[in-house]
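Dropping target18.txt in here (compact mmCIF, C-alpha atoms):
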```txt
# COMPACT_ATOMS: atom_id res chain seq x y z
CA MET A 109 59.44 183.12 -23.68
CA THR A 110 60.89 186.47 -24.75
CA ASP A 111 59.25 188.48 -27.50
CA ALA A 112 62.20 187.79 -29.81
CA ALA A 113 61.92 184.06 -29.13
CA ARG A 114 58.20 184.18 -29.84
CA ARG A 115 58.86 185.81 -33.21
CA ARG A 116 61.52 183.25 -34.05
CA ARG A 117 59.07 180.47 -33.27
CA ARG A 118 56.42 182.16 -35.41
CA PHE A 119 58.85 182.47 -38.31
CA ALA A 120 59.67 178.76 -38.10
CA GLU A 121 55.94 177.99 -38.06
CA LEU A 122 55.44 179.94 -41.29
CA HIS A 123 58.10 177.78 -42.93
CA ALA A 124 56.57 174.59 -41.58
CA GLY A 125 53.04 175.41 -42.69
CA PRO A 126 51.52 174.36 -45.99
CA ALA A 127 50.96 177.84 -47.39
CA THR A 128 53.33 180.04 -49.38
CA PHE A 129 53.88 183.35 -47.59
CA LEU A 130 55.07 186.73 -48.78
CA LEU A 131 58.23 188.19 -47.28
CA PRO A 132 58.49 191.81 -48.48
CA ASN A 133 61.66 193.80 -47.92
CA PRO A 134 61.58 197.14 -46.05
CA TRP A 135 64.63 199.36 -45.99
CA ASP A 136 63.91 201.48 -42.90
CA VAL A 137 61.54 201.71 -39.95
CA GLY A 138 58.91 203.68 -41.84
CA SER A 139 58.69 201.21 -44.71
CA ALA A 140 58.61 198.32 -42.22
CA ARG A 141 55.68 199.80 -40.34
CA LEU A 142 53.81 200.48 -43.57
CA LEU A 143 54.23 196.86 -44.66
CA VAL A 144 53.00 195.54 -41.32
CA HIS A 145 50.05 197.94 -41.59
CA GLU A 146 49.26 196.28 -44.95
CA GLY A 147 48.99 192.91 -43.22
CA PHE A 148 52.25 191.11 -44.02
CA GLU A 149 53.10 188.43 -41.46
CA ALA A 150 56.89 188.70 -41.69
CA LEU A 151 59.52 191.00 -43.19
CA ALA A 152 63.03 190.65 -44.58
CA THR A 153 65.73 193.28 -44.76
CA THR A 154 67.38 194.12 -48.07
CA SER A 155 71.11 194.81 -48.26
CA SER A 156 70.71 197.05 -51.31
CA GLY A 157 67.78 198.98 -49.84
CA LEU A 158 69.65 199.53 -46.58
CA ALA A 159 72.73 200.67 -48.48
CA TRP A 160 70.74 203.22 -50.49
CA SER A 161 69.09 204.54 -47.33
CA LEU A 162 72.61 205.20 -46.01
CA GLY A 163 73.71 206.89 -49.22
CA THR A 164 75.97 204.11 -50.47
CA GLU A 165 75.87 201.06 -52.72
CA ASP A 166 75.18 197.43 -51.95
CA GLN A 167 78.01 195.48 -50.27
CA HIS A 168 79.36 198.68 -48.66
CA VAL A 169 77.39 198.56 -45.38
CA THR A 170 79.30 197.58 -42.26
CA ARG A 171 78.23 194.90 -39.84
CA ASP A 172 77.68 197.51 -37.12
CA GLN A 173 75.39 199.46 -39.45
CA LEU A 174 73.42 196.30 -40.21
CA LEU A 175 73.07 195.43 -36.52
CA ALA A 176 71.79 198.92 -35.72
CA HIS A 177 69.32 198.62 -38.59
CA VAL A 178 68.06 195.25 -37.33
CA ARG A 179 67.63 196.51 -33.77
CA GLY A 180 65.61 199.46 -35.08
CA LEU A 181 63.31 197.29 -37.19
CA VAL A 182 62.77 194.70 -34.46
CA ALA A 183 61.85 197.45 -31.99
CA ALA A 184 59.43 199.06 -34.46
CA VAL A 185 57.33 196.07 -35.58
CA ASP A 186 55.74 193.03 -33.96
CA VAL A 187 56.34 190.51 -36.74
CA PRO A 188 59.39 188.30 -37.45
CA VAL A 189 62.29 190.01 -39.21
CA GLN A 190 64.58 188.01 -41.51
CA VAL A 191 68.00 189.59 -42.11
CA ASP A 192 70.00 189.74 -45.33
CA ALA A 193 73.47 189.20 -43.84
CA GLU A 194 75.22 189.13 -47.24
CA ARG A 195 78.17 186.70 -46.83
CA GLY A 196 78.27 187.01 -43.07
CA TYR A 197 80.73 189.91 -42.99
CA ALA A 198 83.59 187.43 -42.72
CA ASP A 199 85.64 185.06 -44.83
CA ALA A 200 86.34 182.46 -42.14
CA PRO A 201 83.52 180.26 -40.80
CA ALA A 202 84.17 181.46 -37.23
CA GLY A 203 83.53 185.05 -38.29
CA VAL A 204 80.30 184.07 -40.01
CA ALA A 205 79.15 182.30 -36.83
CA GLU A 206 79.94 185.43 -34.81
CA THR A 207 77.80 187.57 -37.13
CA VAL A 208 74.88 185.15 -36.92
CA ALA A 209 75.11 185.11 -33.12
CA LEU A 210 75.07 188.91 -33.04
CA LEU A 211 71.97 188.96 -35.28
CA HIS A 212 70.28 186.50 -32.93
CA ASP A 213 71.07 188.81 -30.01
CA ALA A 214 69.69 191.77 -31.99
CA GLY A 215 66.30 190.02 -32.23
CA ALA A 216 66.37 188.64 -35.76
CA ALA A 217 64.00 185.76 -36.47
CA GLY A 218 66.17 184.48 -39.28
CA CYS A 219 69.08 185.41 -41.51
CA SER A 220 70.53 184.51 -44.89
CA ILE A 221 74.11 183.77 -45.88
CA GLU A 222 75.19 183.96 -49.53
CA ASP A 223 78.04 182.32 -51.43
CA TYR A 224 79.22 185.23 -53.59
CA ASP A 225 82.57 186.79 -52.73
CA PRO A 226 82.65 190.42 -53.96
CA VAL A 227 86.41 190.67 -53.42
CA ALA A 228 87.07 187.70 -55.71
CA GLY A 229 84.18 188.71 -57.96
CA ALA A 230 82.91 185.13 -58.10
CA VAL A 231 80.77 182.54 -56.38
CA GLU A 232 83.09 180.83 -53.91
CA PRO A 233 84.15 177.17 -54.12
CA LEU A 234 81.54 174.75 -52.86
CA ASP A 235 83.57 173.35 -49.97
CA ALA A 236 84.29 176.82 -48.61
CA ALA A 237 80.63 177.81 -48.97
CA VAL A 238 79.44 174.67 -47.19
CA ALA A 239 81.82 175.30 -44.29
CA ARG A 240 80.47 178.81 -43.89
CA VAL A 241 76.84 177.60 -43.99
CA ALA A 242 77.60 174.93 -41.39
CA ALA A 243 79.16 177.52 -39.08
CA ALA A 244 76.15 179.80 -39.55
CA ALA A 245 73.78 176.93 -38.76
CA GLY A 246 75.64 176.16 -35.56
CA ALA A 247 75.19 179.73 -34.39
CA ALA A 248 71.60 180.09 -35.65
CA HIS A 249 70.32 176.92 -33.98
CA ARG A 250 70.73 178.11 -30.42
CA ASP A 251 69.38 175.54 -27.96
CA GLY A 252 65.72 176.22 -27.24
CA ASP A 253 65.59 179.37 -29.35
CA PRO A 254 66.74 178.73 -32.95
CA MET A 255 66.70 181.17 -35.84
CA VAL A 256 65.73 180.15 -39.35
CA LEU A 257 68.90 180.00 -41.47
CA THR A 258 68.58 180.57 -45.21
CA ALA A 259 71.49 179.65 -47.49
CA ARG A 260 71.72 181.46 -50.81
CA CYS A 261 73.26 180.33 -54.09
CA GLU A 262 74.10 183.48 -56.06
CA ASN A 263 74.89 181.81 -59.40
CA HIS A 264 72.05 183.32 -61.40
CA LEU A 265 72.64 186.88 -60.19
CA TYR A 266 76.22 186.78 -61.45
CA GLY A 267 75.92 185.16 -64.85
CA VAL A 268 76.35 181.51 -63.88
CA ASP A 269 73.21 180.08 -65.49
CA ASP A 270 73.93 176.51 -64.43
CA LEU A 271 70.84 175.16 -62.70
CA ASP A 272 72.48 171.79 -62.03
CA ASP A 273 75.29 173.49 -60.12
CA SER A 274 72.77 175.62 -58.23
CA VAL A 275 70.83 172.51 -57.21
CA THR A 276 74.04 170.78 -56.10
CA ARG A 277 74.92 173.78 -53.97
CA LEU A 278 71.47 174.13 -52.43
CA ARG A 279 71.36 170.45 -51.55
CA ALA A 280 74.77 170.73 -49.92
CA TYR A 281 73.71 173.81 -47.96
CA ALA A 282 70.60 172.04 -46.70
CA ALA A 283 72.72 169.07 -45.64
CA ALA A 284 75.03 171.50 -43.80
CA GLY A 285 72.13 172.76 -41.70
CA ALA A 286 70.28 175.41 -43.69
CA ASP A 287 66.55 175.53 -42.86
CA CYS A 288 65.63 177.22 -46.14
CA VAL A 289 67.43 177.66 -49.46
CA TYR A 290 67.32 180.45 -52.00
CA ALA A 291 68.72 180.90 -55.51
CA PRO A 292 67.79 184.45 -56.55
CA GLY A 293 67.44 184.77 -60.29
CA LEU A 294 65.20 181.80 -61.07
CA THR A 295 62.88 183.14 -63.75
CA THR A 296 60.63 180.26 -64.81
CA VAL A 297 58.15 177.93 -63.16
CA GLU A 298 60.21 175.01 -64.44
CA GLN A 299 63.38 176.23 -62.69
CA ILE A 300 61.51 176.78 -59.44
CA SER A 301 59.86 173.36 -59.60
CA THR A 302 63.22 171.72 -60.26
CA VAL A 303 64.75 173.31 -57.15
CA VAL A 304 61.73 172.52 -54.98
CA ARG A 305 61.79 168.86 -56.02
CA ALA A 306 65.54 168.60 -55.46
CA VAL A 307 65.72 169.80 -51.85
CA ASP A 308 63.92 168.73 -48.69
CA VAL A 309 63.77 172.16 -47.04
CA PRO A 310 61.58 175.20 -47.82
CA VAL A 311 62.55 177.29 -50.84
CA ASN A 312 62.51 181.08 -51.12
CA VAL A 313 61.96 182.64 -54.56
CA LEU A 314 62.73 186.19 -55.63
CA ALA A 315 59.85 187.61 -57.67
CA TRP A 316 60.91 189.18 -60.98
CA PRO A 317 58.97 191.69 -63.14
CA ASP A 318 58.73 189.34 -66.13
CA GLY A 319 58.81 186.11 -64.15
CA PRO A 320 56.07 183.94 -62.66
CA THR A 321 53.38 185.52 -60.53
CA VAL A 322 53.15 184.85 -56.81
CA ALA A 323 50.36 182.37 -57.49
CA GLN A 324 52.51 180.53 -60.04
CA ILE A 325 55.49 180.49 -57.67
CA ALA A 326 53.28 179.05 -54.96
CA ALA A 327 51.90 176.41 -57.33
CA ALA A 328 55.49 175.42 -58.13
CA GLY A 329 55.98 174.60 -54.45
CA ALA A 330 58.01 177.51 -53.07
CA ARG A 331 57.35 178.39 -49.44
CA ARG A 332 58.45 182.04 -49.43
CA VAL A 333 58.35 184.89 -51.96
CA SER A 334 60.49 188.00 -51.49
CA VAL A 335 61.34 191.01 -53.66
CA GLY A 336 64.82 192.03 -52.51
CA GLY A 337 65.54 195.70 -53.09
CA ALA A 338 62.61 196.18 -55.51
CA LEU A 339 60.36 198.08 -53.10
CA ALA A 340 63.20 200.40 -52.10
CA SER A 341 64.11 200.92 -55.75
CA ALA A 342 60.48 201.73 -56.59
CA ALA A 343 60.28 204.23 -53.72
CA TYR A 344 63.54 205.97 -54.58
CA GLY A 345 62.61 205.89 -58.25
CA ALA A 346 59.34 207.67 -57.42
CA LEU A 347 61.27 210.29 -55.47
CA VAL A 348 63.62 210.93 -58.41
CA ALA A 349 60.70 211.16 -60.84
CA ALA A 350 58.91 213.62 -58.54
CA ALA A 351 62.04 215.71 -58.11
CA ARG A 352 62.53 215.91 -61.88
CA GLU A 353 58.92 216.95 -62.35
CA LEU A 354 59.39 219.72 -59.80
CA ARG A 355 62.69 220.86 -61.32
CA ASP A 356 61.80 220.59 -65.02
CA ASP A 357 58.05 221.30 -65.13
CA GLY A 358 57.51 223.28 -61.96
CA THR A 359 54.49 221.13 -61.12
CA THR A 360 53.67 218.83 -58.22
CA ALA A 361 51.31 216.25 -59.72
CA PHE A 362 53.35 213.68 -57.79
CA ARG A 363 51.46 214.74 -54.67
CA ARG A 364 48.48 212.73 -55.90
CA ARG A 365 50.53 209.54 -55.58
CA GLY A 366 51.65 210.17 -52.00
CA LEU A 367 50.65 208.56 -48.72
CA THR A 368 47.02 208.83 -47.77
CA SER A 369 45.73 209.59 -44.29
CA ALA A 370 44.80 205.91 -44.01
CA ASP A 371 48.40 204.94 -44.92
CA ARG A 372 49.74 207.23 -42.21
CA GLU A 373 47.87 205.25 -39.59
CA ALA A 374 50.88 202.93 -39.75
CA PHE A 375 52.95 205.55 -37.96
CA ARG A 376 50.64 205.96 -34.96
```
Please render this file's structure as structure tokens.
Amino acid sequence: MTDAARRRRRFAELHAGPATFLLPNPWDVGSARLLVHEGFEALATTSSGLAWSLGTEDQHVTRDQLLAHVRGLVAAVDVPVQVDAERGYADAPAGVAETVALLHDAGAAGCSIEDYDPVAGAVEPLDAAVARVAAAAGAAHRDGDPMVLTARCENHLYGVDDLDDSVTRLRAYAAAGADCVYAPGLTTVEQISTVVRAVDVPVNVLAWPDGPTVAQIAAAGARRVSVGGALASAAYGALVAAARELRDDGTTAFRRRGLTSADREAFR
């Protein structure tokens, strides 16, 4: 078994186990190694965090840039890496399948496909979304060495607060072959419990500042908890705050909040 195959198997085992696990989101090799040093069993990329690290905004990263990013993370850490593949970098199902196959070859343990079309500025029709999920599943479930495929319903991130529609979509995505489903933007225990009860595959939940705690999310039945671009935003926010202190006050109190020598062990 190759190392990549071993990680894919381990990622599937985490989903099959009874416990809820944390899936934090690094944005570069350094943040990935720090998170592994802190004991996390798996990681997930963040499209927004990657975009910011490249000096651009979310949904402006190319597929080649994503693949290079994934190869770098996989080479740097020894835990499974889940990939935020946005909408698969393609409109047609065949293009989505090609992207998923390339991510498999890059060493990803899993990937997610979302149903929001930034060109149209809307969540795509259900039948089109299901076709794209099915194509992704076909590519992800390579004989003898499958990746975990997560299908995302983006309703709640884009102002469609229709939980019934989200449940309908997630059920359809699971039936199309998704191994895990994810509706970022659920903000209450009741919403999470409703989704968990409605589908027969593991559920990922995005943790929100004013939403349920990790313990509450776990009690509601979710299998995974991620944070999207929040860690990257916090890091870049700290940099901006430190830069403003230096520029405006001429002080460097921000040094006290920097990496410790123990933290830097992650880079050795």
In Å, rounded to a single decimal, give me how far CA of Val304 in chain A is from CA of Ala330 in chain A.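 That distance, rounded to one decimal, is 6.5 Å.
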Pick from A:Val309, A:Leu174, A:Val185, A:Leu294 nearest to Leu257 in chain A, counting only C-alpha atoms: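 Of all the options, A:Val309 lies closest to Leu257 in chain A.
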What would the list of residues within 12 Å of (60.4, 173.0, -58.9) (file frame) look like as a compact mmCIF listing (two decimals) with C-alpha atoms, in the coordinates of the input, if all atoms listed in the file are what count?
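Output below, filename result.txt:
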```txt
# COMPACT_ATOMS: atom_id res chain seq x y z
CA LEU A 271 70.84 175.16 -62.70
CA VAL A 275 70.83 172.51 -57.21
CA ALA A 291 68.72 180.90 -55.51
CA LEU A 294 65.20 181.80 -61.07
CA THR A 295 62.88 183.14 -63.75
CA THR A 296 60.63 180.26 -64.81
CA VAL A 297 58.15 177.93 -63.16
CA GLU A 298 60.21 175.01 -64.44
CA GLN A 299 63.38 176.23 -62.69
CA ILE A 300 61.51 176.78 -59.44
CA SER A 301 59.86 173.36 -59.60
CA THR A 302 63.22 171.72 -60.26
CA VAL A 303 64.75 173.31 -57.15
CA VAL A 304 61.73 172.52 -54.98
CA ARG A 305 61.79 168.86 -56.02
CA ALA A 306 65.54 168.60 -55.46
CA VAL A 307 65.72 169.80 -51.85
CA ASP A 308 63.92 168.73 -48.69
CA PRO A 310 61.58 175.20 -47.82
CA VAL A 311 62.55 177.29 -50.84
CA ASN A 312 62.51 181.08 -51.12
CA VAL A 313 61.96 182.64 -54.56
CA GLN A 324 52.51 180.53 -60.04
CA ILE A 325 55.49 180.49 -57.67
CA ALA A 326 53.28 179.05 -54.96
CA ALA A 327 51.90 176.41 -57.33
CA ALA A 328 55.49 175.42 -58.13
CA GLY A 329 55.98 174.60 -54.45
CA ALA A 330 58.01 177.51 -53.07
CA ARG A 331 57.35 178.39 -49.44
```
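With CA of Ala342 in chain A on one side and CA of Trp135 in chain A on the other, the separation reads 11.6 Å.
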Interatomic distance, CA of Ser369 in chain A to CA of Leu143 in chain A (Å, one decimal):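 One can read the CA of Ser369 in chain A to CA of Leu143 in chain A distance as 15.3 Å.
Minimum atom-to-atom distance to Leu130 in chain A, evaluated using all atoms listed in the file, belongs to A:Arg332 out of A:Arg332, A:Arg240, A:Arg179, A:Arg352.
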Find, counting only C-alpha atoms, the residue in A:Pro201, A:Gly345, A:Pro320, A:Gly337 that gets nearest to Ala237 in chain A.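 For Ala237 in chain A, the nearest of the candidates is A:Pro201.
With distances restricted to all atoms listed in the file, A:Ala184 is the closest residue to Val144 in chain A from A:Ala184, A:Ala248, A:Leu158, A:Ala205.
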Here's a test: counting only C-alpha atoms, identify every protein, DNA and RNA residue with an atom at most 8 Å from (76.1, 175.8, -56.1) in the file's coordinate frame, and state them as a ChimeraX atom specification. /A:234,261-263,273-278
With distances taken over all atoms listed in the file, which residue among A:Thr153, A:Thr321, A:Thr359, A:Ser220 lies nearest Ala286 in chain A? A:Ser220
Need to verify the contact set: Ala183 in chain A, 10 Å, all atoms listed in the file, exclusion of same-chain residues closer than 5 positions in sequence. Can you return it as a PyMOL selection string? chain A and resi 112+137+178+214-215
Give me a file of those residues, with C-alpha atoms, as a PDB file, keeping the file's coordinate frame.
```
ATOM      1  CA  ALA A 112      62.200 187.790 -29.810  1.00  0.00           C
ATOM      2  CA  VAL A 137      61.540 201.710 -39.950  1.00  0.00           C
ATOM      3  CA  VAL A 178      68.060 195.250 -37.330  1.00  0.00           C
ATOM      4  CA  ALA A 214      69.690 191.770 -31.990  1.00  0.00           C
ATOM      5  CA  GLY A 215      66.300 190.020 -32.230  1.00  0.00           C
TER       6      GLY A 215
END
```
Residue contacts of Pro226 in chain A (12 Å, all atoms listed in the file) excluding same-chain residues fewer than 2 positions away, as a ChimeraX atom specification: /A:166-168,194-195,197-199,222-224,228-232,262,266
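The shell of residues at most 7 Å from range 190-192 of chain A, with all atoms listed in the file counted and near chain neighbours (fewer than 3 positions) removed, consists of Leu151, Ala152, Thr153, Thr154, Ser155, Ala216, Ala217, Gly218, Cys219 and Ser220 of chain A.
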Box along x, y and z, 4 Å on every side, all listed atoms of range 117-136 of chain A inside: centre and edge lengths in Å to one decimal, as JSON.
```
{"center_x": 57.8, "center_y": 187.9, "center_z": -41.3, "size_x": 21.7, "size_y": 35.1, "size_z": 24.1}
```
